[in-house]
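model_33.cif follows; it contains mmCIF, C-alpha atoms; chains and numbers go by the auth columns.
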data_data
#
loop_
_atom_site.group_PDB
_atom_site.id
_atom_site.type_symbol
_atom_site.label_atom_id
_atom_site.label_comp_id
_atom_site.label_asym_id
_atom_site.label_seq_id
_atom_site.Cartn_x
_atom_site.Cartn_y
_atom_site.Cartn_z
_atom_site.B_iso_or_equiv
_atom_site.auth_seq_id
_atom_site.auth_asym_id
ATOM 1 C CA MET A 1 -20.617 -9.898 -11.028 0.00 14 A
ATOM 2 C CA ALA A 2 -24.320 -10.368 -11.761 0.00 15 A
ATOM 3 C CA LEU A 3 -23.877 -8.774 -15.171 0.00 16 A
ATOM 4 C CA HIS A 4 -20.913 -11.002 -15.992 0.00 17 A
ATOM 5 C CA ASP A 5 -22.985 -14.050 -15.035 0.00 18 A
ATOM 6 C CA LYS A 6 -25.674 -12.935 -17.487 0.00 19 A
ATOM 7 C CA ILE A 7 -23.111 -12.343 -20.234 0.00 20 A
ATOM 8 C CA SER A 8 -21.586 -15.783 -19.675 0.00 21 A
ATOM 9 C CA GLY A 9 -24.961 -17.409 -20.239 0.00 22 A
ATOM 10 C CA ARG A 10 -25.448 -15.552 -23.531 0.00 23 A
ATOM 11 C CA TRP A 11 -21.897 -15.766 -24.865 0.00 24 A
ATOM 12 C CA GLU A 12 -21.372 -16.876 -28.456 0.00 25 A
ATOM 13 C CA HIS A 13 -18.150 -17.665 -30.255 0.00 26 A
ATOM 14 C CA GLY A 14 -16.714 -14.506 -31.805 0.00 27 A
ATOM 15 C CA ASP A 15 -18.147 -12.112 -29.226 0.00 28 A
ATOM 16 C CA ARG A 16 -15.979 -9.271 -27.959 0.00 29 A
ATOM 17 C CA ILE A 17 -16.349 -6.965 -24.945 0.00 30 A
ATOM 18 C CA VAL A 18 -15.931 -3.202 -24.632 0.00 31 A
ATOM 19 C CA TYR A 19 -16.263 -1.682 -21.164 0.00 32 A
ATOM 20 C CA LEU A 20 -17.271 1.965 -21.456 0.00 33 A
ATOM 21 C CA GLY A 21 -15.522 3.464 -18.427 0.00 34 A
ATOM 22 C CA ASN A 22 -16.134 4.755 -14.884 0.00 35 A
ATOM 23 C CA TYR A 23 -14.946 1.754 -12.875 0.00 36 A
ATOM 24 C CA LEU A 24 -13.897 4.175 -10.107 0.00 37 A
ATOM 25 C CA GLY A 25 -15.582 7.034 -8.288 0.00 38 A
ATOM 26 C CA ARG A 26 -18.804 5.633 -6.837 0.00 39 A
ATOM 27 C CA GLY A 27 -19.448 3.169 -4.021 0.00 40 A
ATOM 28 C CA SER A 28 -17.286 1.416 -1.466 0.00 41 A
ATOM 29 C CA LYS A 29 -16.146 -1.616 -3.506 0.00 42 A
ATOM 30 C CA ILE A 30 -13.916 -0.077 -6.157 0.00 43 A
ATOM 31 C CA LYS A 31 -11.094 -2.561 -5.647 0.00 44 A
ATOM 32 C CA GLU A 32 -13.602 -5.392 -5.911 0.00 45 A
ATOM 33 C CA VAL A 33 -14.868 -3.972 -9.221 0.00 46 A
ATOM 34 C CA LEU A 34 -11.340 -4.001 -10.643 0.00 47 A
ATOM 35 C CA ASP A 35 -10.773 -7.526 -9.318 0.00 48 A
ATOM 36 C CA GLU A 36 -13.984 -8.670 -11.024 0.00 49 A
ATOM 37 C CA LEU A 37 -12.948 -7.062 -14.323 0.00 50 A
ATOM 38 C CA LEU A 38 -9.666 -8.950 -14.160 0.00 51 A
ATOM 39 C CA SER A 39 -11.317 -12.224 -13.155 0.00 52 A
ATOM 40 C CA PHE A 40 -13.822 -12.106 -16.003 0.00 53 A
ATOM 41 C CA ARG A 41 -11.074 -11.201 -18.469 0.00 54 A
ATOM 42 C CA ILE A 42 -9.160 -14.328 -17.488 0.00 55 A
ATOM 43 C CA ASN A 43 -12.367 -16.359 -17.744 0.00 56 A
ATOM 44 C CA ARG A 44 -13.077 -15.131 -21.292 0.00 57 A
ATOM 45 C CA LEU A 45 -9.491 -15.498 -22.489 0.00 58 A
ATOM 46 C CA CYS A 46 -9.666 -19.179 -21.611 0.00 59 A
ATOM 47 C CA LEU A 47 -12.233 -19.652 -24.377 0.00 60 A
ATOM 48 C CA PRO A 48 -11.054 -20.973 -27.754 0.00 61 A
ATOM 49 C CA GLY A 49 -10.098 -18.260 -30.227 0.00 62 A
ATOM 50 C CA MET A 50 -10.061 -15.359 -27.757 0.00 63 A
ATOM 51 C CA ILE A 51 -7.097 -12.962 -27.769 0.00 64 A
ATOM 52 C CA PRO A 52 -6.310 -10.062 -25.372 0.00 65 A
ATOM 53 C CA GLU A 53 -7.410 -7.451 -27.935 0.00 66 A
ATOM 54 C CA ASP A 54 -10.946 -8.903 -27.806 0.00 67 A
ATOM 55 C CA ILE A 55 -11.477 -7.239 -24.394 0.00 68 A
ATOM 56 C CA VAL A 56 -11.188 -3.448 -24.219 0.00 69 A
ATOM 57 C CA TYR A 57 -11.405 -1.086 -21.254 0.00 70 A
ATOM 58 C CA LEU A 58 -12.168 2.533 -22.124 0.00 71 A
ATOM 59 C CA ARG A 59 -10.994 5.381 -19.921 0.00 72 A
ATOM 60 C CA GLY A 60 -13.982 7.067 -18.330 0.00 73 A
ATOM 61 C CA ALA A 61 -14.189 10.463 -16.670 0.00 74 A
ATOM 62 C CA GLN A 62 -13.349 8.921 -13.298 0.00 75 A
ATOM 63 C CA GLU A 63 -10.235 7.236 -14.663 0.00 76 A
ATOM 64 C CA GLU A 64 -9.211 10.523 -16.306 0.00 77 A
ATOM 65 C CA ILE A 65 -9.569 12.246 -12.925 0.00 78 A
ATOM 66 C CA TRP A 66 -7.528 9.461 -11.329 0.00 79 A
ATOM 67 C CA ARG A 67 -4.804 9.831 -13.944 0.00 80 A
ATOM 68 C CA SER A 68 -4.606 13.559 -13.186 0.00 81 A
ATOM 69 C CA LEU A 69 -4.558 12.890 -9.445 0.00 82 A
ATOM 70 C CA LEU A 70 -1.428 10.777 -9.889 0.00 83 A
ATOM 71 C CA GLN A 71 0.230 13.842 -11.415 0.00 84 A
ATOM 72 C CA LEU A 72 -1.165 16.357 -8.931 0.00 85 A
ATOM 73 C CA GLN A 73 2.275 17.808 -8.179 0.00 86 A
ATOM 74 C CA LEU A 74 2.329 19.170 -11.748 0.00 87 A
ATOM 75 C CA ALA A 75 -0.896 21.154 -11.375 0.00 88 A
ATOM 76 C CA PRO A 76 -0.447 24.953 -11.123 0.00 89 A
ATOM 77 C CA GLN A 77 -3.148 25.204 -8.403 0.00 90 A
ATOM 78 C CA PRO A 78 -3.200 21.718 -6.826 0.00 91 A
ATOM 79 C CA ALA A 79 -5.526 22.658 -3.947 0.00 92 A
ATOM 80 C CA ASP A 80 -8.176 23.969 -6.346 0.00 93 A
ATOM 81 C CA VAL A 81 -7.736 20.963 -8.615 0.00 94 A
ATOM 82 C CA LEU A 82 -8.184 18.591 -5.677 0.00 95 A
ATOM 83 C CA ASP A 83 -11.349 20.397 -4.570 0.00 96 A
ATOM 84 C CA TRP A 84 -12.779 19.934 -8.071 0.00 97 A
ATOM 85 C CA MET A 85 -11.806 16.254 -8.046 0.00 98 A
ATOM 86 C CA VAL A 86 -13.458 15.703 -4.661 0.00 99 A
ATOM 87 C CA ALA A 87 -16.629 17.373 -5.952 0.00 100 A
ATOM 88 C CA ASN A 88 -16.512 14.807 -8.768 0.00 101 A
ATOM 89 C CA ASP A 89 -16.260 11.756 -6.482 0.00 102 A
ATOM 90 C CA VAL A 90 -12.523 11.082 -6.298 0.00 103 A
ATOM 91 C CA GLY A 91 -12.902 10.697 -2.535 0.00 104 A
ATOM 92 C CA HIS A 92 -14.426 7.235 -2.998 0.00 105 A
ATOM 93 C CA SER A 93 -11.459 6.157 -5.107 0.00 106 A
ATOM 94 C CA LEU A 94 -8.988 7.519 -2.561 0.00 107 A
ATOM 95 C CA ALA A 95 -10.752 5.674 0.243 0.00 108 A
ATOM 96 C CA ALA A 96 -10.514 2.417 -1.691 0.00 109 A
ATOM 97 C CA TYR A 97 -6.721 2.642 -1.474 0.00 110 A
ATOM 98 C CA GLY A 98 -6.581 3.850 2.118 0.00 111 A
ATOM 99 C CA GLU A 99 -6.205 7.569 1.411 0.00 112 A
ATOM 100 C CA SER A 100 -8.364 10.638 1.996 0.00 113 A
ATOM 101 C CA PRO A 101 -8.704 14.187 0.638 0.00 114 A
ATOM 102 C CA ASP A 102 -7.580 15.608 3.985 0.00 115 A
ATOM 103 C CA GLU A 103 -4.398 13.561 3.781 0.00 116 A
ATOM 104 C CA VAL A 104 -3.731 14.839 0.270 0.00 117 A
ATOM 105 C CA ARG A 105 -4.282 18.433 1.361 0.00 118 A
ATOM 106 C CA LYS A 106 -1.616 18.004 4.012 0.00 119 A
ATOM 107 C CA TYR A 107 0.943 17.098 1.351 0.00 120 A
ATOM 108 C CA ILE A 108 -0.212 19.966 -0.868 0.00 121 A
ATOM 109 C CA ARG A 109 0.551 22.399 1.945 0.00 122 A
ATOM 110 C CA GLU A 110 4.042 20.953 2.291 0.00 123 A
ATOM 111 C CA GLY A 111 4.922 21.625 -1.342 0.00 124 A
ATOM 112 C CA ILE A 112 5.780 19.940 -4.627 0.00 125 A
ATOM 113 C CA LEU A 113 8.335 17.461 -3.273 0.00 126 A
ATOM 114 C CA ALA A 114 5.915 16.221 -0.627 0.00 127 A
ATOM 115 C CA MET A 115 3.171 15.851 -3.234 0.00 128 A
ATOM 116 C CA ALA A 116 5.513 13.869 -5.474 0.00 129 A
ATOM 117 C CA LYS A 117 6.305 11.530 -2.586 0.00 130 A
ATOM 118 C CA TRP A 118 2.578 11.084 -1.929 0.00 131 A
ATOM 119 C CA THR A 119 1.706 10.278 -5.557 0.00 132 A
ATOM 120 C CA ASN A 120 4.557 7.748 -5.624 0.00 133 A
ATOM 121 C CA ARG A 121 3.148 6.188 -2.457 0.00 134 A
ATOM 122 C CA LEU A 122 -0.292 5.957 -4.042 0.00 135 A
ATOM 123 C CA ARG A 123 1.185 4.331 -7.145 0.00 136 A
ATOM 124 C CA GLU A 124 2.860 1.724 -4.945 0.00 137 A
ATOM 125 C CA LYS A 125 -0.446 1.004 -3.207 0.00 138 A
ATOM 126 C CA ILE A 126 -2.113 0.458 -6.579 0.00 139 A
ATOM 127 C CA ARG A 127 0.689 -1.899 -7.644 0.00 140 A
ATOM 128 C CA SER A 128 0.230 -3.922 -4.457 0.00 141 A
ATOM 129 C CA TYR A 129 -3.103 -5.166 -5.824 0.00 142 A
ATOM 130 C CA PRO A 130 -2.377 -7.630 -8.647 0.00 143 A
ATOM 131 C CA GLY A 131 -3.563 -6.390 -12.017 0.00 144 A
ATOM 132 C CA HIS A 132 -4.936 -3.013 -10.921 0.00 145 A
ATOM 133 C CA ASN A 133 -2.094 -1.002 -12.401 0.00 146 A
ATOM 134 C CA ASP A 134 -2.268 -3.153 -15.539 0.00 147 A
ATOM 135 C CA ILE A 135 -5.887 -2.086 -16.076 0.00 148 A
ATOM 136 C CA PHE A 136 -5.005 1.583 -15.683 0.00 149 A
ATOM 137 C CA ILE A 137 -2.173 1.205 -18.188 0.00 150 A
ATOM 138 C CA ALA A 138 -4.435 -0.627 -20.649 0.00 151 A
ATOM 139 C CA LEU A 139 -7.209 2.003 -20.720 0.00 152 A
ATOM 140 C CA ARG A 140 -8.096 3.245 -24.219 0.00 153 A
ATOM 141 C CA ARG A 141 -9.592 6.526 -25.355 0.00 154 A
ATOM 142 C CA ALA A 142 -11.981 4.839 -27.812 0.00 155 A
ATOM 143 C CA ALA A 143 -12.550 1.522 -29.566 0.00 156 A
ATOM 144 C CA TYR A 144 -13.887 0.564 -32.974 0.00 157 A
ATOM 145 C CA THR A 145 -14.659 -2.557 -34.945 0.00 158 A
ATOM 146 C CA GLU A 146 -12.088 -3.806 -37.413 0.00 159 A
ATOM 147 C CA ASN A 147 -13.751 -2.431 -40.536 0.00 160 A
ATOM 148 C CA GLY A 148 -15.032 0.773 -38.968 0.00 161 A
ATOM 149 C CA GLU A 149 -18.688 -0.133 -38.505 0.00 162 A
ATOM 150 C CA LEU A 150 -19.030 0.773 -34.803 0.00 163 A
ATOM 151 C CA LEU A 151 -17.278 3.313 -32.584 0.00 164 A
ATOM 152 C CA PHE A 152 -17.338 3.069 -28.782 0.00 165 A
ATOM 153 C CA VAL A 153 -16.663 6.074 -26.532 0.00 166 A
ATOM 154 C CA HIS A 154 -17.189 6.945 -22.887 0.00 167 A
ATOM 155 C CA ALA A 155 -19.297 10.123 -22.743 0.00 168 A
ATOM 156 C CA GLY A 156 -19.423 11.566 -26.223 0.00 169 A
ATOM 157 C CA LEU A 157 -17.466 13.335 -28.916 0.00 170 A
ATOM 158 C CA ASP A 158 -17.453 16.427 -31.090 0.00 171 A
ATOM 159 C CA PRO A 159 -19.096 15.425 -34.401 0.00 172 A
ATOM 160 C CA ALA A 160 -17.108 18.106 -36.228 0.00 173 A
ATOM 161 C CA LEU A 161 -13.754 16.467 -35.422 0.00 174 A
ATOM 162 C CA PRO A 162 -12.337 13.073 -36.422 0.00 175 A
ATOM 163 C CA VAL A 163 -11.494 10.530 -33.744 0.00 176 A
ATOM 164 C CA ILE A 164 -7.788 11.370 -33.650 0.00 177 A
ATOM 165 C CA GLU A 165 -8.562 15.037 -32.922 0.00 178 A
ATOM 166 C CA GLN A 166 -10.990 14.454 -30.045 0.00 179 A
ATOM 167 C CA ASN A 167 -9.918 15.732 -26.633 0.00 180 A
ATOM 168 C CA ASP A 168 -11.963 16.156 -23.458 0.00 181 A
ATOM 169 C CA SER A 169 -15.255 15.437 -25.235 0.00 182 A
ATOM 170 C CA PHE A 170 -14.443 11.744 -24.837 0.00 183 A
ATOM 171 C CA TRP A 171 -14.766 12.093 -21.047 0.00 184 A
ATOM 172 C CA TRP A 172 -17.007 15.065 -20.391 0.00 185 A
ATOM 173 C CA GLY A 173 -19.247 14.869 -23.445 0.00 186 A
ATOM 174 C CA ASN A 174 -21.056 17.860 -24.883 0.00 187 A
ATOM 175 C CA ASN A 175 -24.502 18.719 -26.176 0.00 188 A
ATOM 176 C CA LYS A 176 -23.522 17.828 -29.730 0.00 189 A
ATOM 177 C CA PHE A 177 -23.737 14.043 -29.424 0.00 190 A
ATOM 178 C CA ASP A 178 -27.466 14.058 -30.160 0.00 191 A
ATOM 179 C CA ASP A 179 -26.772 16.209 -33.226 0.00 192 A
ATOM 180 C CA ILE A 180 -25.216 13.284 -35.089 0.00 193 A
ATOM 181 C CA LYS A 181 -27.640 12.908 -38.000 0.00 194 A
ATOM 182 C CA ALA A 182 -25.472 10.874 -40.370 0.00 195 A
ATOM 183 C CA PRO A 183 -22.712 8.255 -40.107 0.00 196 A
ATOM 184 C CA TYR A 184 -19.875 9.849 -38.133 0.00 197 A
ATOM 185 C CA TYR A 185 -16.762 9.676 -40.347 0.00 198 A
ATOM 186 C CA GLY A 186 -18.040 6.416 -41.830 0.00 199 A
ATOM 187 C CA PHE A 187 -19.066 4.723 -38.555 0.00 200 A
ATOM 188 C CA GLN A 188 -22.610 3.425 -38.757 0.00 201 A
ATOM 189 C CA ARG A 189 -23.184 3.910 -35.038 0.00 202 A
ATOM 190 C CA VAL A 190 -21.439 5.572 -32.105 0.00 203 A
ATOM 191 C CA ILE A 191 -22.056 3.934 -28.709 0.00 204 A
ATOM 192 C CA ARG A 192 -21.387 5.729 -25.433 0.00 205 A
ATOM 193 C CA GLY A 193 -21.661 4.640 -21.794 0.00 206 A
ATOM 194 C CA PHE A 194 -22.178 7.838 -19.804 0.00 207 A
ATOM 195 C CA GLU A 195 -24.770 10.593 -20.004 0.00 208 A
ATOM 196 C CA LYS A 196 -25.541 13.036 -17.193 0.00 209 A
ATOM 197 C CA ARG A 197 -29.296 12.425 -17.238 0.00 210 A
ATOM 198 C CA HIS A 198 -28.907 8.615 -16.872 0.00 211 A
ATOM 199 C CA GLU A 199 -31.960 7.900 -19.017 0.00 212 A
ATOM 200 C CA GLY A 200 -31.200 4.246 -19.681 0.00 213 A
ATOM 201 C CA VAL A 201 -30.777 2.847 -23.172 0.00 214 A
ATOM 202 C CA THR A 202 -31.564 5.509 -25.737 0.00 215 A
ATOM 203 C CA GLU A 203 -31.177 5.197 -29.493 0.00 216 A
ATOM 204 C CA THR A 204 -31.078 7.411 -32.535 0.00 217 A
ATOM 205 C CA PRO A 205 -30.409 6.119 -36.054 0.00 218 A
ATOM 206 C CA TYR A 206 -26.681 6.780 -35.590 0.00 219 A
ATOM 207 C CA THR A 207 -26.055 6.725 -31.817 0.00 220 A
ATOM 208 C CA VAL A 208 -26.753 4.637 -28.729 0.00 221 A
ATOM 209 C CA THR A 209 -26.398 5.655 -25.085 0.00 222 A
ATOM 210 C CA LEU A 210 -26.128 2.971 -22.380 0.00 223 A
ATOM 211 C CA ASP A 211 -26.515 4.690 -19.001 0.00 224 A
ATOM 212 C CA GLY A 212 -29.183 3.673 -16.526 0.00 225 A
ATOM 213 C CA GLY A 213 -27.535 5.487 -13.601 0.00 226 A
ATOM 214 C CA SER A 214 -25.375 2.729 -12.132 0.00 227 A
ATOM 215 C CA GLY A 215 -23.700 4.167 -9.047 0.00 228 A
ATOM 216 C CA PHE A 216 -26.499 6.715 -8.717 0.00 229 A
ATOM 217 C CA GLY A 217 -29.177 4.275 -7.610 0.00 230 A
ATOM 218 C CA GLY A 218 -30.033 3.169 -11.137 0.00 231 A
ATOM 219 C CA THR A 219 -29.226 0.264 -13.411 0.00 232 A
ATOM 220 C CA LEU A 220 -26.097 -1.121 -15.032 0.00 233 A
ATOM 221 C CA GLU A 221 -26.712 -1.525 -18.745 0.00 234 A
ATOM 222 C CA THR A 222 -25.122 -3.656 -21.414 0.00 235 A
ATOM 223 C CA ALA A 223 -26.046 -4.403 -24.994 0.00 236 A
ATOM 224 C CA CYS A 224 -24.906 -6.779 -27.703 0.00 237 A
ATOM 225 C CA PHE A 225 -24.533 -5.219 -31.148 0.00 238 A
ATOM 226 C CA ASN A 226 -24.143 -6.787 -34.544 0.00 239 A
ATOM 227 C CA LEU A 227 -21.921 -5.095 -37.094 0.00 240 A
ATOM 228 C CA ASP A 228 -24.896 -3.218 -38.521 0.00 241 A
ATOM 229 C CA GLY A 229 -25.204 -1.422 -35.185 0.00 242 A
ATOM 230 C CA LYS A 230 -28.460 -3.152 -34.257 0.00 243 A
ATOM 231 C CA ILE A 231 -28.983 -4.169 -30.623 0.00 244 A
ATOM 232 C CA VAL A 232 -29.574 -7.922 -30.714 0.00 245 A
ATOM 233 C CA ASP A 233 -29.534 -8.549 -26.958 0.00 246 A
ATOM 234 C CA GLN A 234 -29.689 -6.408 -23.846 0.00 247 A
ATOM 235 C CA VAL A 235 -29.220 -6.891 -20.090 0.00 248 A
ATOM 236 C CA SER A 236 -30.105 -4.500 -17.264 0.00 249 A
ATOM 237 C CA ILE A 237 -28.947 -5.069 -13.680 0.00 250 A
ATOM 238 C CA THR A 238 -30.333 -3.133 -10.712 0.00 251 A
ATOM 239 C CA THR A 239 -27.534 -1.658 -8.615 0.00 252 A
#

As C-alpha cells, how would this structure be written, given the file I've shared?
Amino acid sequence: MALHDKISGRWEHGDRIVYLGNYLGRGSKIKEVLDELLSFRINRLCLPGMIPEDIVYLRGAQEEIWRSLLQLQLAPQPADVLDWMVANDVGHSLAAYGESPDEVRKYIREGILAMAKWTNRLREKIRSYPGHNDIFIALRRAAYTENGELLFVHAGLDPALPVIEQNDSFWWGNNKFDDIKAPYYGFQRVIRGFEKRHEGVTETPYTVTLDGGSGFGGTLETACFNLDGKIVDQVSITT
C-alpha cells in the first residue's frame, strides 16, 4: 500500500505497470496483498487512456508452486512434492485460505479422489474472495514493451534460448542471467524481480535486478524505466 501511494504521487500519463511476481508465500497478509493489487488496478484503470493490458502481473515462483498445488492429485509422489512446497513457503499461502500442510497430508493418505476433492475445495475458497481467482488466471510468464525494447521476467532466463522456449528458468532462475553481455534477442534490457541473494537494485549494461529482500526482512523495490532501459525513478519501501 505504501508503495502504491508513492507510485500514485509520481504517476505520469502513459505509464504502465509490471508486477514481477511472488505475491504469495511470505507473511500473514497474503489475501490483503491480492486485495491491494486489485484495488490499485481499479484505481489506475480509472485514469484517462488506461486499458487493462497496461497492468501486467507476472507469475513468480510462489504462484508457480501454488498452480502445482492445485493439481497435486496429478503428482506421481504427492507427499514428497508437498514437503518440497512446504520447504518453499507454501504453508503461508495455505494458511491465508484456512488450510494447512497437515490437512493436505490427510487427503494425500486417502488417495487421488480425496486429493481431487480437496483441491476443488481450495479452488472454491479462492473464488469466494472477489478477484483473487481472476489474478491467478491473468498471470503471465513474461512481459515486454510493444517494440521489443524491454523484457520483464520473474527470476531469470536462459540467455541461449528465445523467450518462447524458456521453461523453469523464468521462476527458478539460473547462474546465467549475469552472463548476458549483449542485447538478449534484440531486447535492450532484461528486468527481473527475484534473486536469491536479495542484493537490492543491481544493474549491468543489459540487465536489472529489483530485489531488496521483501518478505525476508528487506525492502520492496520498484523502478521506472524509459524505453532505452534507463532507470529514471526509483522507490524503496522497508518491509

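Pairwise distance (atom CA of A:Met128, atom CA of A:Gln84) equals 8.9 Å.
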
Task: Close residues, stretch 180-190 of chain A itself excluded, 10 Å, all atoms listed in the file, min 3 positions apart in chain, as a PyMOL selection string - done: chain A and resi 34-35+71-78+154-155+165-174+176-177+193-194+203+205+207-209+219-222

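Of the residues listed (A:Tyr32, A:Phe53, A:Tyr157, A:Phe149), A:Tyr157 shows the shortest atom-to-atom separation from A:Gly242; distances use all atoms listed in the file.
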
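Each of A:Arg54, A:Thr132, A:Gly111, A:Cys59 was checked against A:Leu85 using only C-alpha atoms; the smallest atom-to-atom distance is that of A:Thr132.
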
Task: A:Glu66 surroundings by all atoms listed in the file, 10 Å radius, close-in-sequence under 3 positions cut, as a ChimeraX atom specification - done: /A:29-30,58,63,69

Output for the residues just chosen: C-alpha atoms as an mmCIF file, in the frame of the given file:
data_model
loop_
_atom_site.group_PDB
_atom_site.id
_atom_site.type_symbol
_atom_site.label_atom_id
_atom_site.label_comp_id
_atom_site.auth_asym_id
_atom_site.auth_seq_id
_atom_site.Cartn_x
_atom_site.Cartn_y
_atom_site.Cartn_z
ATOM 1 C CA ARG A 29 -15.979 -9.271 -27.959
ATOM 2 C CA ILE A 30 -16.349 -6.965 -24.945
ATOM 3 C CA LEU A 58 -9.491 -15.498 -22.489
ATOM 4 C CA MET A 63 -10.061 -15.359 -27.757
ATOM 5 C CA VAL A 69 -11.188 -3.448 -24.219
#

Open item on the list: Assuming the chain letters and numbering stay as they are in my file, what does the PyMOL selection byres ((chain A and resi 25) around 12) actually select? List them as a ChimeraX atom specification.
Closed with: /A:20-24,26-30,57,60-63,237,246

Mind writing the picked residues with C-alpha atoms as an mmCIF file, in the frame of the given file?
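Output contents, as saved in again02.cif:
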data_model
loop_
_atom_site.group_PDB
_atom_site.id
_atom_site.type_symbol
_atom_site.label_atom_id
_atom_site.label_comp_id
_atom_site.auth_asym_id
_atom_site.auth_seq_id
_atom_site.Cartn_x
_atom_site.Cartn_y
_atom_site.Cartn_z
ATOM 1 C CA ILE A 20 -23.111 -12.343 -20.234
ATOM 2 C CA SER A 21 -21.586 -15.783 -19.675
ATOM 3 C CA GLY A 22 -24.961 -17.409 -20.239
ATOM 4 C CA ARG A 23 -25.448 -15.552 -23.531
ATOM 5 C CA TRP A 24 -21.897 -15.766 -24.865
ATOM 6 C CA HIS A 26 -18.150 -17.665 -30.255
ATOM 7 C CA GLY A 27 -16.714 -14.506 -31.805
ATOM 8 C CA ASP A 28 -18.147 -12.112 -29.226
ATOM 9 C CA ARG A 29 -15.979 -9.271 -27.959
ATOM 10 C CA ILE A 30 -16.349 -6.965 -24.945
ATOM 11 C CA ARG A 57 -13.077 -15.131 -21.292
ATOM 12 C CA LEU A 60 -12.233 -19.652 -24.377
ATOM 13 C CA PRO A 61 -11.054 -20.973 -27.754
ATOM 14 C CA GLY A 62 -10.098 -18.260 -30.227
ATOM 15 C CA MET A 63 -10.061 -15.359 -27.757
ATOM 16 C CA CYS A 237 -24.906 -6.779 -27.703
ATOM 17 C CA ASP A 246 -29.534 -8.549 -26.958
#

Task: Of the listed residues A:Ala127, A:Ala88, A:Leu51, A:Leu83, that which approaches A:Pro65 most closely, counting all atoms listed in the file - done: A:Leu51

Open item on the list: As an exercise, work out the distance from atom CA of A:Ala109 to atom CA of A:Ala156 in Å and give it to one decimal place.
Closed with: 28.0 Å

For the provided coordinates, the residues matched by the PyMOL selection byres ((chain A and resi 15) around 10) should be stated as a short mmCIF file (atom, residue, chain, number, x, y, z; two decimals) with C-alpha atoms, keeping the file's coordinate frame.
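The resulting expr-v7.cif:
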data_model
loop_
_atom_site.label_atom_id
_atom_site.label_comp_id
_atom_site.auth_asym_id
_atom_site.auth_seq_id
_atom_site.Cartn_x
_atom_site.Cartn_y
_atom_site.Cartn_z
CA MET A 14 -20.62 -9.90 -11.03
CA LEU A 16 -23.88 -8.77 -15.17
CA HIS A 17 -20.91 -11.00 -15.99
CA ASP A 18 -22.98 -14.05 -15.04
CA LYS A 19 -25.67 -12.94 -17.49
CA ILE A 20 -23.11 -12.34 -20.23
CA SER A 21 -21.59 -15.78 -19.68
CA LEU A 233 -26.10 -1.12 -15.03
CA SER A 249 -30.10 -4.50 -17.26
CA ILE A 250 -28.95 -5.07 -13.68
CA THR A 251 -30.33 -3.13 -10.71
CA THR A 252 -27.53 -1.66 -8.62
#

- [ ] Run the PyMOL selection byres ((chain A and resi 37) around 9) on the file and write out the hits as an NGL selection string.
- [x] :A and (34-36 or 38-40 or 43-44 or 46-47 or 73 or 75-76 or 79 or 102-103 or 105-106)

Just the selected residues (C-alpha atoms), exported as a PDB file, in the coordinates of the input, please.
ATOM      1  CA  GLY A  34     -15.522   3.464 -18.427  1.00  0.00           C
ATOM      2  CA  ASN A  35     -16.134   4.755 -14.884  1.00  0.00           C
ATOM      3  CA  TYR A  36     -14.946   1.754 -12.875  1.00  0.00           C
ATOM      4  CA  GLY A  38     -15.582   7.034  -8.288  1.00  0.00           C
ATOM      5  CA  ARG A  39     -18.804   5.633  -6.837  1.00  0.00           C
ATOM      6  CA  GLY A  40     -19.448   3.169  -4.021  1.00  0.00           C
ATOM      7  CA  ILE A  43     -13.916  -0.077  -6.157  1.00  0.00           C
ATOM      8  CA  LYS A  44     -11.094  -2.561  -5.647  1.00  0.00           C
ATOM      9  CA  VAL A  46     -14.868  -3.972  -9.221  1.00  0.00           C
ATOM     10  CA  LEU A  47     -11.340  -4.001 -10.643  1.00  0.00           C
ATOM     11  CA  GLY A  73     -13.982   7.067 -18.330  1.00  0.00           C
ATOM     12  CA  GLN A  75     -13.349   8.921 -13.298  1.00  0.00           C
ATOM     13  CA  GLU A  76     -10.235   7.236 -14.663  1.00  0.00           C
ATOM     14  CA  TRP A  79      -7.528   9.461 -11.329  1.00  0.00           C
ATOM     15  CA  ASP A 102     -16.260  11.756  -6.482  1.00  0.00           C
ATOM     16  CA  VAL A 103     -12.523  11.082  -6.298  1.00  0.00           C
ATOM     17  CA  HIS A 105     -14.426   7.235  -2.998  1.00  0.00           C
ATOM     18  CA  SER A 106     -11.459   6.157  -5.107  1.00  0.00           C
TER      19      SER A 106
END

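Atom pair atom CA of A:Val214 / atom CA of A:Arg202: separated by 14.1 Å.
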
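Using all atoms listed in the file for every distance, the candidate list A:Ile64, A:Ile244, A:Leu95, A:Ile204 yields A:Leu95 as the residue closest to A:Tyr120.
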
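For the residues A:Glu212, A:Glu159, A:Asp192, A:Asp147, ranking by smallest atom-to-atom distance to A:Leu50 using all atoms listed in the file places A:Asp147 first.
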
Task: Among listed residues A:Lys42, A:Arg80, A:Arg118, A:Asn160, nearest A:Asp96 (using only C-alpha atoms) - done: A:Arg118
